[in-house]
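Notes follow the structure.
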Amino acid sequence: MRTALILFFAAACLAAAKGYDAGVAKLEITPKQNMWMSGYGARTKPSTGVLQPLWVKSLAIRDERRNTFVIVTTDLVGLPKEITDAISARVQKEYNISRANLLFNASHTHTGPFVKANLSTLFSFTPEAQRQVDEYAQELSDTMFNAIGASLARMEAVDLTFGTGTAGFAVNRRQKMADGTFKIGVNPTGPIDHSVPVLKVVSKRSTKTLAILTGYACHNTTLTGEFYEFSGDYAGFAQSEIEATNPGAVALFLILCGADQNPNPRSSVALAKKHGKELADAVQAVLDGNPMKPIEGPITAALEMAKLTFAIHTRETFEKELTSTIPSQVRRAKMMLAKYDERAPIRSILYPVQAVSFGKSLTFLTLGGEVVIDYSIRAKREFPKVNLVVVGYSNDMPGYIPSKRVLLEGGYEAVDSQIYYGQPGPYSEDVEELIFAAVRRVMKRVSSN
Ligand SMILES: [Zn+2]
């Protein structure tokens with residue numbers, strides 16, 4: 001008996017002695033019935049069908065100290081903290097994994113369902129439509145929790161390798177007009193980051209590829225407001241293409257800092273498929289090319305809620321907006337005036353900044369909301385030695401996150417988009433420095449091991 005126990009203990013130590021364990025799971029989150037879609041305020045009716053199923057995918061990776069990092073990706077427009085916090089609390093309770101070790105990302109498809117508490121002023125729903133939105137949010141939350149559980153239940157010994165490719169269909173969309181203002185268009189000389197990170201997860205036992213995680217810094221908006229069928233847009237087509245080329249593997253997509261980047265050209269299903277194929281081909285070139293770099297070292301995670309402040313506003317700002325011809329702007333004004341009535345006008349938000357490192361071989365830096373490309377470029381410049389993947393649209397969706405440059409230039413990403421997120425207006429000019437101060441702190445906390 002004693003020998004058996006010692007042997008068992010020795011075997012358990014051996015199993016956890018070296019490298020990583022990982023598990024992956026995917027569950028469908030396509031709404032069971034037609035409902036309102038998100039992303040475009042000009043839509044006038046609920047969805048009419050399904051072009052492509054939508055998925056939540058969970059990749060759980062555990063190091064030899066039994067520290068676990070879970071990456072959850074979704075074919076959705078955005079995941080507000082109302083949803084991610086509730087799931088995180090359940091995961092903490094059930095699996096003892098802390099909030100800092102969970103990464104939630106939404107691909108920002110604009111042909112997905114309306115997600116409760118995201119883009120709150122986009123529409124005014126009938127009671128029936130609101131009921132559907134509420135029910136979908138509850139089902140989504142349960143399915144995401146179940147996907148995390150399924151990935152944790154499938155842990156096995158794996159090898160992790162990493163490489164980077166490129167895909168060229170993203171273009172900077174902040175087009176400068178003759179009068180000096182910026183409109184959403186095409187700016188071929190504006191900043192971009194075309195890199196395509198690829199993390200491969202291979203079973204040690206079967207040598208089969210279990211998961212392929214990729215990402216791209218580009219709005220997931222090939223399909224414009226006149227499309228009424230659910231789909232994951234280019235990111236959805238890229239994932240299904242990667243899975244078709246690599247049978248048995250689950251493909252996961254993280255949207256990076258693509259807030260001021262659009263697919264080019266846009267506006268047809270054929271183009272969404274074409275961009276998806278280009279991204280999948282870039283991933284496959286990395287998988288088939290030079291040997292990918294082994295990932296090694298302990299997993300260390302840090303999460304900070306940084307306080308971001310808004311530019312000064314007054315009650316009069318919103319009283320004037322009540323006469324706007326834009327319905328969302330009137331809804332935003334009413335929300336803000338209600339806050340003034342409560343003597344609690346919104347002056348700031350708490351903003352998630354997260355870093356997760358695998359020793360010195362790979363670091364994910366994740367930021368909430370729609371993050372412009374300047375953050376990716378600057379973070380890679382500030383941290384050149386840690387193989388950085390800078391991920392946007394993560395953990396919460398407070399709206400667009402402009403850099404100081406974009407904020408001062410103005411336009412949709414700086415000012416107008418705040419209306420649709422129910423925020424009081426543009427950020428104060430220190431927004432980029434406040435975020436980078438938090439970035440430096442979380443990066444420091446994950447770089448000591
Ligand atoms: Zn967007």
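Letters A, B, ... mark the chains of the structure tokens in the order given; residue numbers begin at 1 per chain; ligand numbers begin at 1, in order shown.
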
Within 9 Å of range 235-244 of chain A, counting only C-alpha atoms, which residues qualify if same-chain residues fewer than 6 places away don't, as a PDB file with C-alpha atoms, in the first residue's frame?
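Full text of result_39.pdb as output:
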ATOM      1  CA  GLN A  52     -21.839  30.520 -40.806  1.00  0.00           C
ATOM      2  CA  PRO A  53     -22.133  29.181 -37.224  1.00  0.00           C
ATOM      3  CA  LEU A  54     -20.649  31.249 -34.390  1.00  0.00           C
ATOM      4  CA  TRP A  55     -18.361  29.708 -31.763  1.00  0.00           C
ATOM      5  CA  ASP A  75     -17.352  35.205 -32.809  1.00  0.00           C
ATOM      6  CA  SER A 107     -13.589  38.922 -32.762  1.00  0.00           C
ATOM      7  CA  THR A 109     -17.760  40.507 -36.107  1.00  0.00           C
ATOM      8  CA  ILE A 212      -3.868  26.805 -33.588  1.00  0.00           C
ATOM      9  CA  THR A 214      -3.847  33.259 -34.393  1.00  0.00           C
ATOM     10  CA  GLY A 215      -4.809  36.930 -34.559  1.00  0.00           C
ATOM     11  CA  TYR A 216      -4.876  40.028 -36.736  1.00  0.00           C
ATOM     12  CA  ASN A 220     -13.893  42.321 -38.580  1.00  0.00           C
ATOM     13  CA  VAL A 250      -9.376  23.869 -33.177  1.00  0.00           C
ATOM     14  CA  ALA A 251      -8.523  27.275 -34.664  1.00  0.00           C
ATOM     15  CA  LEU A 252      -8.878  30.294 -32.378  1.00  0.00           C
ATOM     16  CA  PHE A 253      -8.808  33.964 -33.435  1.00  0.00           C
ATOM     17  CA  LEU A 254      -7.819  36.966 -31.308  1.00  0.00           C
ATOM     18  CA  ILE A 255      -8.526  40.396 -32.720  1.00  0.00           C
ATOM     19  CA  ALA A 272     -15.008  38.087 -46.417  1.00  0.00           C
ATOM     20  CA  LYS A 273     -14.082  34.592 -47.623  1.00  0.00           C
ATOM     21  CA  LYS A 274     -11.119  35.936 -49.604  1.00  0.00           C
ATOM     22  CA  HIS A 275      -9.708  37.832 -46.593  1.00  0.00           C
ATOM     23  CA  GLY A 276     -10.314  34.781 -44.401  1.00  0.00           C
ATOM     24  CA  LYS A 277      -8.403  32.623 -46.880  1.00  0.00           C
ATOM     25  CA  GLU A 278      -5.536  35.125 -46.967  1.00  0.00           C
ATOM     26  CA  LEU A 279      -5.280  35.038 -43.174  1.00  0.00           C
ATOM     27  CA  ALA A 280      -5.515  31.217 -43.099  1.00  0.00           C
ATOM     28  CA  ASP A 281      -2.819  30.988 -45.809  1.00  0.00           C
ATOM     29  CA  VAL A 283      -1.073  30.957 -40.748  1.00  0.00           C
ATOM     30  CA  GLN A 284      -0.397  27.856 -42.855  1.00  0.00           C
TER      31      GLN A 284
END

Counting only C-alpha atoms, which residues of range 54-146 of chain A fall within 10 Å of range 368-382 of chain A, and what is the closest atom pair for each with its distance in Å at one decimal, ordered by chain and rising number, as a Markdown table?
| residue | atom | partner | partner_atom | distance |
| --- | --- | --- | --- | --- |
| A:Gly78 | CA | A:Gly369 | CA | 8.1 |
| A:Leu79 | CA | A:Gly369 | CA | 9.0 |
| A:Pro80 | CA | A:Gly369 | CA | 8.8 |
| A:Lys81 | CA | A:Gly368 | CA | 9.5 |
| A:Phe104 | CA | A:Gly368 | CA | 9.6 |
| A:Asn105 | CA | A:Gly368 | CA | 9.0 |
| A:Ala106 | CA | A:Gly369 | CA | 9.7 |
| A:His108 | CA | A:Glu370 | CA | 9.0 |

Between A:Pro294, A:Pro113, A:Pro127, A:Gly49, which is the closest to Val198 in chain A once you count only C-alpha atoms?
A:Pro294

Within 10 Å of ligand 1, which residues of chain A come that close, and what is the closest atom pair and distance in Å for each? Count only C-alpha atoms and all ligand atoms and give it as CSV.
residue,atom,partner,partner_atom_place_in_ligand_line,distance
A:Gly39,CA,ligand 1,1 (Zn),7.1
A:Tyr40,CA,ligand 1,1 (Zn),9.3
A:Val77,CA,ligand 1,1 (Zn),7.9
A:Gly78,CA,ligand 1,1 (Zn),8.9
A:His108,CA,ligand 1,1 (Zn),6.7
A:Thr109,CA,ligand 1,1 (Zn),8.7
A:His110,CA,ligand 1,1 (Zn),8.2
A:Cys218,CA,ligand 1,1 (Zn),9.4
A:His219,CA,ligand 1,1 (Zn),6.2
A:Asn220,CA,ligand 1,1 (Zn),7.9
A:Thr221,CA,ligand 1,1 (Zn),8.1
A:Gly258,CA,ligand 1,1 (Zn),8.3
A:Ala259,CA,ligand 1,1 (Zn),5.8
A:Asp260,CA,ligand 1,1 (Zn),8.2
A:Gln261,CA,ligand 1,1 (Zn),9.3
A:Asn262,CA,ligand 1,1 (Zn),9.4
A:Gly369,CA,ligand 1,1 (Zn),8.9
A:Glu370,CA,ligand 1,1 (Zn),6.1
A:Val371,CA,ligand 1,1 (Zn),9.2
A:Tyr393,CA,ligand 1,1 (Zn),9.2
A:Gly399,CA,ligand 1,1 (Zn),8.2
A:Tyr400,CA,ligand 1,1 (Zn),7.5
A:Glu413,CA,ligand 1,1 (Zn),8.7
A:Ser417,CA,ligand 1,1 (Zn),8.6

Those residues you just picked out, can you put them in a file as an mmCIF file, in the first residue's frame with N, CA and C atoms?
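What landed in selection_19.cif:
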data_model
loop_
_atom_site.group_PDB
_atom_site.id
_atom_site.type_symbol
_atom_site.label_atom_id
_atom_site.label_comp_id
_atom_site.auth_asym_id
_atom_site.auth_seq_id
_atom_site.Cartn_x
_atom_site.Cartn_y
_atom_site.Cartn_z
ATOM 1 N N GLY A 39 -23.353 46.058 -34.143
ATOM 2 C CA GLY A 39 -22.269 46.630 -34.934
ATOM 3 C C GLY A 39 -22.673 47.798 -35.806
ATOM 4 N N TYR A 40 -23.847 47.739 -36.425
ATOM 5 C CA TYR A 40 -24.276 48.824 -37.314
ATOM 6 C C TYR A 40 -25.624 49.373 -36.845
ATOM 7 N N VAL A 77 -19.430 40.617 -31.393
ATOM 8 C CA VAL A 77 -19.007 42.005 -31.588
ATOM 9 C C VAL A 77 -18.189 42.513 -30.413
ATOM 10 N N GLY A 78 -18.518 42.063 -29.201
ATOM 11 C CA GLY A 78 -17.779 42.534 -28.032
ATOM 12 C C GLY A 78 -18.292 41.870 -26.778
ATOM 13 N N HIS A 108 -15.142 40.816 -32.833
ATOM 14 C CA HIS A 108 -15.722 42.064 -33.327
ATOM 15 C C HIS A 108 -16.431 41.890 -34.671
ATOM 16 N N THR A 109 -16.931 40.673 -34.911
ATOM 17 C CA THR A 109 -17.760 40.507 -36.107
ATOM 18 C C THR A 109 -18.982 41.415 -35.991
ATOM 19 N N HIS A 110 -19.340 42.076 -37.103
ATOM 20 C CA HIS A 110 -20.524 42.930 -37.128
ATOM 21 C C HIS A 110 -21.732 42.181 -37.703
ATOM 22 N N CYS A 218 -7.259 44.070 -37.358
ATOM 23 C CA CYS A 218 -8.134 44.614 -38.403
ATOM 24 C C CYS A 218 -9.585 44.448 -37.988
ATOM 25 N N HIS A 219 -10.382 45.518 -38.166
ATOM 26 C CA HIS A 219 -11.822 45.416 -37.917
ATOM 27 C C HIS A 219 -12.397 44.214 -38.653
ATOM 28 N N ASN A 220 -13.303 43.516 -37.974
ATOM 29 C CA ASN A 220 -13.893 42.321 -38.580
ATOM 30 C C ASN A 220 -15.190 42.732 -39.268
ATOM 31 N N THR A 221 -15.018 43.590 -40.278
ATOM 32 C CA THR A 221 -16.170 44.276 -40.885
ATOM 33 C C THR A 221 -16.122 44.250 -42.411
ATOM 34 N N GLY A 258 -7.024 46.574 -33.889
ATOM 35 C CA GLY A 258 -7.496 46.922 -35.232
ATOM 36 C C GLY A 258 -8.585 47.972 -35.286
ATOM 37 N N ALA A 259 -8.689 48.826 -34.267
ATOM 38 C CA ALA A 259 -9.823 49.755 -34.214
ATOM 39 C C ALA A 259 -9.835 50.752 -35.366
ATOM 40 N N ASP A 260 -8.646 51.166 -35.833
ATOM 41 C CA ASP A 260 -8.593 52.120 -36.943
ATOM 42 C C ASP A 260 -8.124 51.445 -38.233
ATOM 43 N N GLN A 261 -8.370 50.131 -38.321
ATOM 44 C CA GLN A 261 -7.975 49.345 -39.491
ATOM 45 C C GLN A 261 -9.225 48.672 -40.052
ATOM 46 N N ASN A 262 -9.380 48.696 -41.371
ATOM 47 C CA ASN A 262 -10.499 47.999 -42.002
ATOM 48 C C ASN A 262 -9.979 47.005 -43.028
ATOM 49 N N GLY A 369 -11.499 47.054 -25.020
ATOM 50 C CA GLY A 369 -12.099 47.967 -25.986
ATOM 51 C C GLY A 369 -11.456 47.950 -27.363
ATOM 52 N N GLU A 370 -11.892 48.919 -28.166
ATOM 53 C CA GLU A 370 -11.447 49.009 -29.558
ATOM 54 C C GLU A 370 -10.175 49.853 -29.597
ATOM 55 N N VAL A 371 -9.042 49.167 -29.622
ATOM 56 C CA VAL A 371 -7.736 49.804 -29.444
ATOM 57 C C VAL A 371 -7.126 50.125 -30.808
ATOM 58 N N TYR A 393 -9.670 44.502 -27.734
ATOM 59 C CA TYR A 393 -11.017 43.914 -27.609
ATOM 60 C C TYR A 393 -11.070 42.812 -26.549
ATOM 61 N N GLY A 399 -15.526 50.884 -25.297
ATOM 62 C CA GLY A 399 -15.591 51.730 -26.486
ATOM 63 C C GLY A 399 -14.229 51.803 -27.149
ATOM 64 N N TYR A 400 -14.069 52.836 -27.984
ATOM 65 C CA TYR A 400 -12.798 53.024 -28.689
ATOM 66 C C TYR A 400 -11.732 53.567 -27.740
ATOM 67 N N GLU A 413 -13.140 57.500 -34.220
ATOM 68 C CA GLU A 413 -12.517 56.720 -33.148
ATOM 69 C C GLU A 413 -12.272 57.558 -31.896
ATOM 70 N N SER A 417 -17.730 57.810 -31.875
ATOM 71 C CA SER A 417 -18.036 56.433 -31.458
ATOM 72 C C SER A 417 -18.463 56.359 -29.999
#

Within 12 Å of Thr44 in chain A using only C-alpha atoms, minus same-chain residues under 2 positions, as a PyMOL selection string:
chain A and resi 35-38+40-42+46-48+122-125+225-228

Export of prior selection with N, CA and C atoms as a PDB file, in the first residue's frame:
ATOM      1  N   MET A  35     -32.552  37.229 -34.312  1.00  0.00           N
ATOM      2  CA  MET A  35     -32.634  38.306 -33.316  1.00  0.00           C
ATOM      3  C   MET A  35     -31.852  39.509 -33.848  1.00  0.00           C
ATOM      4  N   TRP A  36     -31.892  40.607 -33.118  1.00  0.00           N
ATOM      5  CA  TRP A  36     -31.174  41.799 -33.567  1.00  0.00           C
ATOM      6  C   TRP A  36     -29.669  41.546 -33.591  1.00  0.00           C
ATOM      7  N   MET A  37     -29.021  42.088 -34.600  1.00  0.00           N
ATOM      8  CA  MET A  37     -27.571  41.957 -34.748  1.00  0.00           C
ATOM      9  C   MET A  37     -26.913  43.220 -34.201  1.00  0.00           C
ATOM     10  N   SER A  38     -25.604  43.186 -34.038  1.00  0.00           N
ATOM     11  CA  SER A  38     -24.921  44.351 -33.483  1.00  0.00           C
ATOM     12  C   SER A  38     -23.932  44.937 -34.494  1.00  0.00           C
ATOM     13  N   TYR A  40     -23.847  47.739 -36.425  1.00  0.00           N
ATOM     14  CA  TYR A  40     -24.276  48.824 -37.314  1.00  0.00           C
ATOM     15  C   TYR A  40     -25.624  49.373 -36.845  1.00  0.00           C
ATOM     16  N   GLY A  41     -25.625  50.674 -36.506  1.00  0.00           N
ATOM     17  CA  GLY A  41     -26.848  51.313 -36.032  1.00  0.00           C
ATOM     18  C   GLY A  41     -27.891  51.500 -37.122  1.00  0.00           C
ATOM     19  N   ALA A  42     -27.466  51.380 -38.388  1.00  0.00           N
ATOM     20  CA  ALA A  42     -28.405  51.621 -39.489  1.00  0.00           C
ATOM     21  C   ALA A  42     -29.301  50.416 -39.769  1.00  0.00           C
ATOM     22  N   PRO A  46     -34.316  42.424 -37.360  1.00  0.00           N
ATOM     23  CA  PRO A  46     -33.478  41.333 -36.841  1.00  0.00           C
ATOM     24  C   PRO A  46     -32.810  40.542 -37.970  1.00  0.00           C
ATOM     25  N   SER A  47     -31.948  39.603 -37.594  1.00  0.00           N
ATOM     26  CA  SER A  47     -31.258  38.742 -38.554  1.00  0.00           C
ATOM     27  C   SER A  47     -32.266  37.935 -39.372  1.00  0.00           C
ATOM     28  N   THR A  48     -31.800  37.433 -40.531  1.00  0.00           N
ATOM     29  CA  THR A  48     -32.692  36.635 -41.380  1.00  0.00           C
ATOM     30  C   THR A  48     -32.190  35.206 -41.582  1.00  0.00           C
ATOM     31  N   LEU A 122     -27.182  51.783 -29.159  1.00  0.00           N
ATOM     32  CA  LEU A 122     -27.312  51.535 -30.603  1.00  0.00           C
ATOM     33  C   LEU A 122     -28.775  51.466 -31.044  1.00  0.00           C
ATOM     34  N   PHE A 123     -29.600  50.773 -30.258  1.00  0.00           N
ATOM     35  CA  PHE A 123     -31.011  50.598 -30.627  1.00  0.00           C
ATOM     36  C   PHE A 123     -31.906  50.850 -29.412  1.00  0.00           C
ATOM     37  N   SER A 124     -33.187  51.053 -29.705  1.00  0.00           N
ATOM     38  CA  SER A 124     -34.210  51.052 -28.660  1.00  0.00           C
ATOM     39  C   SER A 124     -35.103  49.849 -28.956  1.00  0.00           C
ATOM     40  N   PHE A 125     -35.036  48.807 -28.120  1.00  0.00           N
ATOM     41  CA  PHE A 125     -35.710  47.552 -28.429  1.00  0.00           C
ATOM     42  C   PHE A 125     -37.153  47.533 -27.940  1.00  0.00           C
ATOM     43  N   GLY A 225     -23.533  46.885 -43.225  1.00  0.00           N
ATOM     44  CA  GLY A 225     -24.817  46.879 -42.534  1.00  0.00           C
ATOM     45  C   GLY A 225     -25.969  46.237 -43.279  1.00  0.00           C
ATOM     46  N   GLU A 226     -25.836  46.029 -44.583  1.00  0.00           N
ATOM     47  CA  GLU A 226     -26.950  45.443 -45.336  1.00  0.00           C
ATOM     48  C   GLU A 226     -26.961  43.911 -45.255  1.00  0.00           C
ATOM     49  N   PHE A 227     -25.987  43.315 -44.540  1.00  0.00           N
ATOM     50  CA  PHE A 227     -25.964  41.851 -44.398  1.00  0.00           C
ATOM     51  C   PHE A 227     -26.691  41.456 -43.117  1.00  0.00           C
ATOM     52  N   TYR A 228     -27.619  40.524 -43.254  1.00  0.00           N
ATOM     53  CA  TYR A 228     -28.497  40.164 -42.130  1.00  0.00           C
ATOM     54  C   TYR A 228     -28.380  38.684 -41.744  1.00  0.00           C
TER      55      TYR A 228
END

Selected residue, from A:Asp179, A:Glu135, A:Glu304, A:Asp142, that lies nearest to Ala100 in chain A when counting only C-alpha atoms:
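Among the listed residues, the smallest separation from Ala100 in chain A belongs to A:Glu304.
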
Neighbour list for Thr222 in chain A as a ChimeraX atom specification, cut-off 8 Å, only C-alpha atoms, skip fewer than 6 positions in-chain:
/A:233-234,262-269,271-272

Can you spit out the residues from that selection as a PDB file, in the first residue's frame, using C-alpha atoms?
ATOM      1  CA  ASP A 233     -16.858  37.570 -41.099  1.00  0.00           C
ATOM      2  CA  TYR A 234     -13.233  37.187 -42.300  1.00  0.00           C
ATOM      3  CA  ASN A 262     -10.499  47.999 -42.002  1.00  0.00           C
ATOM      4  CA  PRO A 263     -10.407  45.054 -44.383  1.00  0.00           C
ATOM      5  CA  ASN A 264      -9.848  46.365 -47.886  1.00  0.00           C
ATOM      6  CA  PRO A 265     -11.905  46.024 -50.022  1.00  0.00           C
ATOM      7  CA  ARG A 266     -15.197  45.320 -48.226  1.00  0.00           C
ATOM      8  CA  SER A 267     -18.921  44.662 -48.632  1.00  0.00           C
ATOM      9  CA  SER A 268     -19.403  41.149 -50.018  1.00  0.00           C
ATOM     10  CA  VAL A 269     -19.429  37.585 -48.726  1.00  0.00           C
ATOM     11  CA  LEU A 271     -14.497  39.307 -50.011  1.00  0.00           C
ATOM     12  CA  ALA A 272     -15.008  38.087 -46.417  1.00  0.00           C
TER      13      ALA A 272
END

Test item, strand (DSSP E or B) assignment across range 179-251 of chain A, answer as a ChimeraX atom specification:
/A:182-184,195-203,209-216,229-230,250-251

Could you take the residues named above and write them with N, CA and C atoms, as a PDB file, in the first residue's frame?
ATOM      1  N   PHE A 182     -11.199  63.950 -40.169  1.00  0.00           N
ATOM      2  CA  PHE A 182     -10.946  62.551 -40.517  1.00  0.00           C
ATOM      3  C   PHE A 182     -12.271  61.803 -40.633  1.00  0.00           C
ATOM      4  N   LYS A 183     -12.405  61.044 -41.731  1.00  0.00           N
ATOM      5  CA  LYS A 183     -13.597  60.217 -41.936  1.00  0.00           C
ATOM      6  C   LYS A 183     -13.154  58.762 -42.089  1.00  0.00           C
ATOM      7  N   ILE A 184     -14.104  57.842 -41.890  1.00  0.00           N
ATOM      8  CA  ILE A 184     -13.774  56.435 -42.125  1.00  0.00           C
ATOM      9  C   ILE A 184     -13.719  56.207 -43.631  1.00  0.00           C
ATOM     10  N   SER A 195       1.232  41.955 -38.843  1.00  0.00           N
ATOM     11  CA  SER A 195       1.762  40.678 -38.359  1.00  0.00           C
ATOM     12  C   SER A 195       0.640  39.712 -37.966  1.00  0.00           C
ATOM     13  N   VAL A 196       0.914  38.442 -38.161  1.00  0.00           N
ATOM     14  CA  VAL A 196      -0.033  37.347 -37.867  1.00  0.00           C
ATOM     15  C   VAL A 196       0.651  36.383 -36.896  1.00  0.00           C
ATOM     16  N   PRO A 197       0.379  36.519 -35.591  1.00  0.00           N
ATOM     17  CA  PRO A 197       0.979  35.579 -34.632  1.00  0.00           C
ATOM     18  C   PRO A 197       0.338  34.208 -34.753  1.00  0.00           C
ATOM     19  N   VAL A 198       1.137  33.166 -34.562  1.00  0.00           N
ATOM     20  CA  VAL A 198       0.620  31.786 -34.636  1.00  0.00           C
ATOM     21  C   VAL A 198       1.196  30.981 -33.471  1.00  0.00           C
ATOM     22  N   LEU A 199       0.305  30.489 -32.613  1.00  0.00           N
ATOM     23  CA  LEU A 199       0.708  29.597 -31.522  1.00  0.00           C
ATOM     24  C   LEU A 199       0.143  28.217 -31.837  1.00  0.00           C
ATOM     25  N   LYS A 200       1.040  27.224 -31.887  1.00  0.00           N
ATOM     26  CA  LYS A 200       0.613  25.854 -32.208  1.00  0.00           C
ATOM     27  C   LYS A 200       0.702  24.984 -30.953  1.00  0.00           C
ATOM     28  N   VAL A 201      -0.348  24.205 -30.717  1.00  0.00           N
ATOM     29  CA  VAL A 201      -0.421  23.324 -29.545  1.00  0.00           C
ATOM     30  C   VAL A 201      -0.488  21.889 -30.060  1.00  0.00           C
ATOM     31  N   VAL A 202       0.559  21.103 -29.764  1.00  0.00           N
ATOM     32  CA  VAL A 202       0.639  19.737 -30.293  1.00  0.00           C
ATOM     33  C   VAL A 202       0.663  18.734 -29.143  1.00  0.00           C
ATOM     34  N   SER A 203      -0.170  17.700 -29.246  1.00  0.00           N
ATOM     35  CA  SER A 203      -0.195  16.638 -28.232  1.00  0.00           C
ATOM     36  C   SER A 203       1.115  15.869 -28.249  1.00  0.00           C
ATOM     37  N   THR A 209      -1.900  18.009 -33.903  1.00  0.00           N
ATOM     38  CA  THR A 209      -2.112  19.409 -33.534  1.00  0.00           C
ATOM     39  C   THR A 209      -3.498  19.553 -32.910  1.00  0.00           C
ATOM     40  N   LEU A 210      -3.532  20.051 -31.677  1.00  0.00           N
ATOM     41  CA  LEU A 210      -4.804  20.203 -30.963  1.00  0.00           C
ATOM     42  C   LEU A 210      -5.418  21.573 -31.210  1.00  0.00           C
ATOM     43  N   ALA A 211      -4.571  22.601 -31.262  1.00  0.00           N
ATOM     44  CA  ALA A 211      -5.095  23.963 -31.385  1.00  0.00           C
ATOM     45  C   ALA A 211      -4.106  24.840 -32.139  1.00  0.00           C
ATOM     46  N   ILE A 212      -4.664  25.798 -32.881  1.00  0.00           N
ATOM     47  CA  ILE A 212      -3.868  26.805 -33.588  1.00  0.00           C
ATOM     48  C   ILE A 212      -4.492  28.154 -33.248  1.00  0.00           C
ATOM     49  N   LEU A 213      -3.737  28.966 -32.517  1.00  0.00           N
ATOM     50  CA  LEU A 213      -4.231  30.284 -32.101  1.00  0.00           C
ATOM     51  C   LEU A 213      -3.579  31.337 -32.988  1.00  0.00           C
ATOM     52  N   THR A 214      -4.404  32.194 -33.577  1.00  0.00           N
ATOM     53  CA  THR A 214      -3.847  33.259 -34.393  1.00  0.00           C
ATOM     54  C   THR A 214      -4.539  34.579 -34.055  1.00  0.00           C
ATOM     55  N   GLY A 215      -4.192  35.629 -34.799  1.00  0.00           N
ATOM     56  CA  GLY A 215      -4.809  36.930 -34.559  1.00  0.00           C
ATOM     57  C   GLY A 215      -4.445  37.886 -35.675  1.00  0.00           C
ATOM     58  N   TYR A 216      -5.145  39.041 -35.694  1.00  0.00           N
ATOM     59  CA  TYR A 216      -4.876  40.028 -36.736  1.00  0.00           C
ATOM     60  C   TYR A 216      -5.444  41.359 -36.281  1.00  0.00           C
ATOM     61  N   GLU A 229     -27.313  38.011 -42.195  1.00  0.00           N
ATOM     62  CA  GLU A 229     -27.128  36.617 -41.787  1.00  0.00           C
ATOM     63  C   GLU A 229     -25.944  36.522 -40.838  1.00  0.00           C
ATOM     64  N   PHE A 230     -26.094  35.707 -39.805  1.00  0.00           N
ATOM     65  CA  PHE A 230     -25.016  35.563 -38.823  1.00  0.00           C
ATOM     66  C   PHE A 230     -23.768  34.977 -39.474  1.00  0.00           C
ATOM     67  N   VAL A 250      -8.444  22.761 -33.374  1.00  0.00           N
ATOM     68  CA  VAL A 250      -9.376  23.869 -33.177  1.00  0.00           C
ATOM     69  C   VAL A 250      -8.611  25.162 -33.462  1.00  0.00           C
ATOM     70  N   ALA A 251      -9.159  25.984 -34.349  1.00  0.00           N
ATOM     71  CA  ALA A 251      -8.523  27.275 -34.664  1.00  0.00           C
ATOM     72  C   ALA A 251      -9.189  28.367 -33.834  1.00  0.00           C
TER      73      ALA A 251
END

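Nearest to Gly289 in chain A of all the residues A:Thr164, A:Thr121, A:Thr363, A:Gln138 is A:Thr164, based on only C-alpha atoms.
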
Pick out the closest residue to Met397 in chain A from this set: A:Gly112, A:Gly149, A:Gly19, A:Pro352. Count only C-alpha atoms.
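For Met397 in chain A, the nearest of the given residues is A:Pro352.
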
Report the residues of range 197-400 of chain A whose backbone DSSP state falls under alpha helix (DSSP H), written as a PyMOL selection string.
chain A and resi 233-245+269-288+315-321+327-341+373-382

Which neighbours of Tyr95 in chain A fall inside 9 Å, counting only C-alpha atoms, when residues of the same chain fewer than 3 positions from it are skipped, and could you give them as a PyMOL selection string?
chain A and resi 90-92+98+149+152

For Gly23 in chain A, which of A:Val56, A:Glu139, A:Asn96, A:Ala157 is the closest residue, counting only C-alpha atoms?
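Checking each candidate against Gly23 in chain A, we get A:Ala157 as the closest.
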
Got a sec: who's within 8 Å of Leu103 in chain A, counting only C-alpha atoms, leaving out chain neighbours fewer than 2 positions off, as a short mmCIF file (atom, residue, chain, number, x, y, z; two decimals) with C-alpha atoms, in the first residue's frame?
data_model
loop_
_atom_site.label_atom_id
_atom_site.label_comp_id
_atom_site.auth_asym_id
_atom_site.auth_seq_id
_atom_site.Cartn_x
_atom_site.Cartn_y
_atom_site.Cartn_z
CA PHE A 69 -3.94 30.50 -18.41
CA VAL A 70 -7.25 30.25 -20.28
CA ILE A 71 -7.79 32.03 -23.61
CA VAL A 72 -11.45 32.35 -24.58
CA ALA A 100 -5.82 37.73 -14.20
CA ASN A 101 -5.35 34.26 -15.74
CA ASN A 105 -11.64 38.22 -26.59
CA THR A 366 -4.18 42.57 -23.65
CA SER A 394 -10.21 41.96 -24.45
CA ASN A 395 -12.02 41.49 -21.12
#

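Between CA of Pro384 in chain A and CA of Leu350 in chain A there is a distance of 27.4 Å.
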
What does the structure give for the distance between CA of Glu321 in chain A and CA of Lys307 in chain A, in Å to one decimal?
26.4 Å

Counting only C-alpha atoms, which residue out of A:Glu28, A:Glu296, A:Asp134, A:Asp288 sits closest to Glu64 in chain A?
A:Glu296
